[in-house]
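Right, one structure below, let's go through it.
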Amino acid sequence: MLSLKVNGKMYQVDVPVDTPLLWVIRDTIGLTGTKYSCGKALCGACTVHVNGQAVRSCVTPVSSVVGKEIVTIEGLSHDLQHPVQQAWLAEDVPQCGYCQPGQIMSATALLAVNPKPSDADIDQAMSGNLCRCGTYQRIRKAIHRAADSMAAGGRT
Amino acid sequence: MTGIRRVSRRDFLKTGALAGAGLVLSFHLPPRGLALADGPAAPYYPSSAFLHIGQDNTVTVFVNKSEMGQGVYTALPMLIAEELDCDWKKVRAEPAPVAAIYNNPMSGMQMTGGSTSIRTEWQRMREVGAAARLMLVAAAAKAWNVDPSSCRTENGRVLHQSGKALAYGELTRQAEKLPVPAKLTLKDPAQFKILGKPTRRLDTPVKLNGEAIFGCDVRLPGMLTALVARPPVLGGKVRSVRDAKAKVVPGVRQVVRIPSGVAVVADGYWAAQRGRDALEITWNEGPRATLSSETMRSDFRALAGTPGRVARKDGNPERSLASAGKTLSADYELPYLAHADMEPLNCVVDLRPGSCEIWTGTQGQTANRDAAAKMAGLKPEQVKLHTTYLGGGFGRRGNPHSDFVTLAMEVALAVRKPVQVLWTREDDMRGGYYRPLWYARLSAGFDGSGKLVAWQHRIVGQSIMKGTFNEKRRIKDGVDLASVEGAKEVPYEIPNLLVDLHSPEQGMTVQWWRSVGHSHTGFEVESFIDELAHAAGQDPYQFRRSLLAGHPRHRGVLDLAAQKSGWGGSLPPGRARGIAVFESYGSFVSQVAEVSVSAAGAVRVHRVVCAVDCGMTVNPAIIEAQMQGGIIFGLTAALHGAITVEKGRVQQGNFDDYPLLSMDEMPIIEVHLVKSSEKPGGIGETAVPPTAPALTNAIFAATGKRIRRLPVHQSALTSA
């Protein structure tokens with residue numbers, strides 16, 4: 001039995017220690033906002049925060065995150081109050097939407113360490129998050145927008 | 001659970017309250033004319049309604065199309081809302097169930113594809129809104145005892161000239177008792193308040209907090225998860241299986257032989273994958289075990305030297321080519337491609353005695369339901385199919401053989417418990433259906449005065465439509481119209497013209513892939529016309545323009561793209577522009593790509609300017625997004641995309657060997673709309689065809705190297 005803290009809540013999970021965090025989140029805890037797409041850390045759809053850092057949960061063994069703060073898309077803000085979600089809403093970013101939880105989690109982690117990212121910073125931080133619909137241009141705009149609103153006093 | 005959102009306890013209460021209030025307006029209309037009332041139905045799962053107006057003024061539109069990112073859960077509600085004059089803030093979309101009323105009139109089935117949603121629903125959805133509005137006005141007029149003509153509507157209310165007003169929600173109970181009007185007058189487009197205005201998508205909020213339910217997110221009580229080991233060569237069969245090691249993996253419940261392979265049924269994904277990895281299977285590989293895409297290429301090249309079935313013939317192309325003063329010929333090649341939707345395929349089945357429920361993100365509801373019913377020995381109406389959000393479609397989720405549903409049915413028939421059949425990325429990329437490999441030979445001739453007088457376009461590639469429900473409609477006189485679409489309709493003014501086709505039968509399982517035949521003909525036609533312009537010593541934009549006198553809409557987008565891109569103007573050193581124009585699905589798109597190529601041959605796309613004429617528009621913001629997305633889809637294919645086959649095995653499996661364009665490779669994309677009062681054209685696929693040729697024409701302008709085989713290979717462009 002492992003003890004996990006996800007979105008501020010403690011869970012006792014009975015899973016093999018090598019189970020990727022992604023499947024514990026989706027199948028054991030039952031939060032389905034975090035997505036599977038490649039299983040090999042190639043696309044970023046499964047991105048969550050572990051102690052504030054963007055992590056590909058599909059290749060992260062659950063045993064390595066015991067005792068750490070895990071945040072999924074559901075933990076950001078259900079009513080879309082987080083400035084990154086607000087920016088995504090304002091730019092109407094999603095198309096199919098499948099990659100967007102991962103995009104949002106990567107962008108949030110970027111803004112936490114770099115409150116005013118340049119386009120090059122965004123390329124650097126976001127190029128591991130693939131989007132087949134091609135929403136990249138609006139993602140870039142939304143990150144700049146979120147940076148502006150956070151600088152103006154929006155909460156992180 | 002509804003199809004698309006996780007229903008919380010709070011939502012159940014809301015649903016219950018609304019259901020308790022009774023249905024207030026539920027009806028359907030045949031596409032035109034005669035309308036009929038349809039008795040009350042449960043508001044959250046109507047049998048055949050497009051619209052429900054609640055007593056709380058909520059307007060629910062049951063959308064008969066699948067939302068795969070193209071924005072149809074916003075666009076179709078906009079059509080209804082425009083004519084209904086309701087408060088847009090009160091509008092929501094729900095997936096429609098499966099019923100004949102929801103069929104696509106072009107195909108006679110409930111499906112989403114062929115960029116048809118707006119084209120087929122433009123009139124019908126507006127009629128639904130207009131009919132409902134008239135009924136609400138009639139109900140208000142009756143309540144006030146006034147003439148309906150003294151009433152008007154605005155923002156969800158009926159207003160009388162005396163100043164009296166009633167909200168729609170207050171009128172629904174009376175309105176539903178009235179006959180659906182048979183005669184409708186739709187708004188003059190000049191009066192539109194919603195249509196043609198950039199409008200935020202209704203599905204955005206649930207896609208930002210994890211609430212949106214895709215097929216893989218469906219959870220049922222007692223549901224098991226299965227992965228299926230399928231043959232490494234498509235069409236192969238299990239010879240023998242040893243499953244002892246799989247069965248002892250914790251969480252594995254069952255290992256079952258099914259017609260398609262071996263299913264490992266477990267408590268969750270990870271156990272299922274571990275179990276599947278532990279299977280020891282030997283396969284009979286079947287007839288595709290010798291397939292090789294390299295061999296197919298050379299076979300196709302040989303076929304390109306012999307006449308094919310004629311798709312179009314004008315004048316005397318053979319004679320005019322033979323007697324031309326100057327001739328040119330070039331071969332173009334395009335590879336197999338995977339759809340690579342971000343959400344790998346999946347399907348949930350709950351099979352019970354006498355009934356079957358299916359949850360999946362699908363583009364082909366009728367075909368899926370009927371295939372499942374046949375397998376289960378049920379009548380189609382005993383199968384209830386719920387459409388979830390689709391994590392991408394691009395054609396793959398409209399499989400003509402319902403492959404991801406029949407696979408799940410095979411497992412469900414074996415285990416008889418609610419089961420979710422998931423595909424890994426590798427299963428998805430290797431286990432299925434591909435855009436065909438194409439080989440094309442183009443030849444042209446100029447007469448002594450330099451006029452283009454002959455054009456011949458020979459196409460070699462597998463038929464997509466053969467053996468599918470579209471065969472009768474799409475194969476005429478042995479010519480698969482989808483193979484030649486865009487080539488047969490070449491718009492350039494050329495007096496002698498031949499388009500012919502070979503459809504070799506050996507090969508892979510093939511399927512429509514965003515823009516279907518246009519995905520290759522766009523590259524071939526728009527590359528070759530560019531080659532001809534250069535051969536004639538003319539500007540590629542002006543050369544096209546001079547041959548499009550009879551095609552004003554082609555010219556319109558071509559001119560707009562050229563103008564907005566600064567065609568002919570100066571560029572930073574090393575950069576060059578390429579242009580292309582193409583019609584598909586009733587819409588016209590021109591693009592100018594701006595590229596540079598490094599000494600090592602690396603291509604950088606800096607900017608793509610896109611002009612589109614799709615007739616009257618519903619939501620320009622979604623059109624812009626679709627153009628951006630189509631261009632990225634086209635660039636991904638042109639720069640990176642190739643599925644190759646060796647010994648019957650697909651050699652790619654994941655995003656490391658089948659890469660998608662990423663943020664750092666992304667050009668700036670500018671989209672410009674032509675204002676038009678023409679009837680609406682399609683949008684979802686139309687940006688793809690001109691992208692590859694605009695790119696490779698720009699590469700030619702930058703380097704003098706003509707790319708005739710996709711994807712672009714860096715090694716072909718090194719300046720060393």
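Note on naming: chains are A, B, ... as they come in the structure tokens, residues start from 1 per chain, ligands start from 1 in the order shown.
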Next item on the list: When you get a sec, could you note down which chain B residues fall within 6 Å of chain A, using only C-alpha atoms, as a VMD selection string?
Entry: chain B and resid 68 to 69 207 209 to 210 217 268 342 to 343 391 to 392 425 629 632 662 to 664
Item checked: Which of region 380-459 of chain B fall in alpha helix (DSSP H), as an MDAnalysis selection string -> chainID B and resid 403:415 425:430
Margin query: Which residue is closest to Gly67 (chain A)? Choose from A:Leu111, A:Val50, A:Ser118, A:His82 and count only C-alpha atoms.
Written below: A:Val50
Item checked: Distance criterion (only C-alpha atoms): nearest to Ala340 (chain B) out of B:Thr225, B:Asn145, B:Ser260, B:Thr424 ->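 Under the stated criterion, the closest residue is B:Thr424.
The protein and nucleic acid residues lying at most 7 Å from Ala330 (chain B) are Arg441, Leu442 and Ser443 of chain B, with only C-alpha atoms considered and sequence neighbours fewer than 6 positions away removed.
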Item checked: Neighbour list for Ala130 (chain B) as a VMD selection string, cut-off 7 Å, only C-alpha atoms, skip fewer than 4 positions in-chain -> chain B and resid 83 to 84 126 134 184 186
For those residues, write N, CA and C atoms to a file as a PDB file, in the first residue's frame.
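Result written to again.pdb:
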```
ATOM      1  N   GLU B  83     -31.755  31.579 -35.828  1.00  0.00           N
ATOM      2  CA  GLU B  83     -33.151  31.674 -36.242  1.00  0.00           C
ATOM      3  C   GLU B  83     -34.096  31.667 -35.041  1.00  0.00           C
ATOM      4  N   LEU B  84     -33.659  31.100 -33.951  1.00  0.00           N
ATOM      5  CA  LEU B  84     -34.497  31.026 -32.748  1.00  0.00           C
ATOM      6  C   LEU B  84     -34.522  32.358 -32.003  1.00  0.00           C
ATOM      7  N   ARG B 126     -31.234  25.708 -39.335  1.00  0.00           N
ATOM      8  CA  ARG B 126     -31.896  27.012 -39.281  1.00  0.00           C
ATOM      9  C   ARG B 126     -33.412  26.824 -39.303  1.00  0.00           C
ATOM     10  N   LEU B 134     -41.353  30.326 -34.292  1.00  0.00           N
ATOM     11  CA  LEU B 134     -42.746  30.571 -34.676  1.00  0.00           C
ATOM     12  C   LEU B 134     -43.720  29.976 -33.662  1.00  0.00           C
ATOM     13  N   LEU B 184     -41.921  27.997 -43.455  1.00  0.00           N
ATOM     14  CA  LEU B 184     -40.940  28.759 -42.686  1.00  0.00           C
ATOM     15  C   LEU B 184     -40.264  29.779 -43.583  1.00  0.00           C
ATOM     16  N   LEU B 186     -36.827  31.881 -43.581  1.00  0.00           N
ATOM     17  CA  LEU B 186     -35.549  32.048 -42.876  1.00  0.00           C
ATOM     18  C   LEU B 186     -35.052  33.482 -43.029  1.00  0.00           C
TER      19      LEU B 186
END
```
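Excluding Ser149 (chain B) and any residue on its chain fewer than 5 positions from it, the residues at most 10 Å away by only C-alpha atoms are Val137, Ala138, Ala141, His160 and Gln161 of chain B.
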Output C-alpha atoms for every residue in that selection, as a compact mmCIF listing (two decimals), in the first residue's frame.
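Below is the file selection-v7.txt, written as the result:
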```
# COMPACT_ATOMS: atom_id res chain seq x y z
CA VAL B 137 -44.53 33.40 -30.91
CA ALA B 138 -47.82 31.60 -31.56
CA ALA B 141 -49.89 35.55 -29.10
CA HIS B 160 -45.52 42.46 -28.03
CA GLN B 161 -45.81 45.99 -29.39
```
All residues 8 Å or closer to region 517-524 of chain B, only C-alpha atoms, same chain fewer than 2 positions away omitted, as a compact mmCIF listing (two decimals) with C-alpha atoms, in the first residue's frame:
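Now in around-v7.txt:
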```txt
# COMPACT_ATOMS: atom_id res chain seq x y z
CA TYR B 332 5.56 12.51 -57.73
CA LEU B 334 3.59 10.21 -51.49
CA TRP B 438 0.50 7.29 -54.24
CA ALA B 440 1.71 10.00 -60.09
CA LEU B 442 2.37 14.29 -64.91
CA ALA B 482 -11.78 9.68 -54.33
CA SER B 483 -8.49 8.63 -55.96
CA VAL B 484 -8.76 11.28 -58.68
CA GLU B 485 -10.61 14.06 -56.84
CA GLY B 486 -8.81 17.35 -57.33
CA ALA B 487 -6.99 15.95 -60.39
CA TRP B 512 -9.73 8.25 -45.84
CA TRP B 513 -7.29 10.63 -44.17
CA ARG B 514 -8.05 14.35 -43.80
CA SER B 515 -8.82 15.65 -47.32
CA GLU B 526 0.17 22.36 -57.60
CA SER B 527 3.77 21.17 -57.80
CA PHE B 528 3.57 20.45 -61.51
CA PHE B 582 -6.76 24.42 -54.42
CA SER B 584 -11.93 20.97 -52.14
CA VAL B 688 -4.51 20.50 -46.07
CA PRO B 689 -4.16 20.04 -49.87
CA PRO B 690 -2.33 23.30 -50.77
CA ALA B 692 2.64 20.65 -49.08
CA PRO B 693 2.98 22.21 -52.54
```
Do a neighbour search on Phe192 (chain B) at 7 Å with only C-alpha atoms, toss out local chain neighbours closer than 3 positions, and write the hits as a PDB file with N, CA and C atoms, in the first residue's frame.
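As a result, selection_2.pdb now contains:
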```
ATOM      1  N   GLU B  82     -29.420  31.351 -34.221  1.00  0.00           N
ATOM      2  CA  GLU B  82     -29.649  32.512 -35.080  1.00  0.00           C
ATOM      3  C   GLU B  82     -31.130  32.678 -35.396  1.00  0.00           C
ATOM      4  N   PRO B 189     -29.599  36.845 -44.760  1.00  0.00           N
ATOM      5  CA  PRO B 189     -28.275  36.883 -44.130  1.00  0.00           C
ATOM      6  C   PRO B 189     -27.860  38.275 -43.647  1.00  0.00           C
ATOM      7  N   LEU B 195     -24.548  34.345 -36.838  1.00  0.00           N
ATOM      8  CA  LEU B 195     -23.804  33.702 -37.932  1.00  0.00           C
ATOM      9  C   LEU B 195     -22.853  34.699 -38.582  1.00  0.00           C
TER      10      LEU B 195
END
```
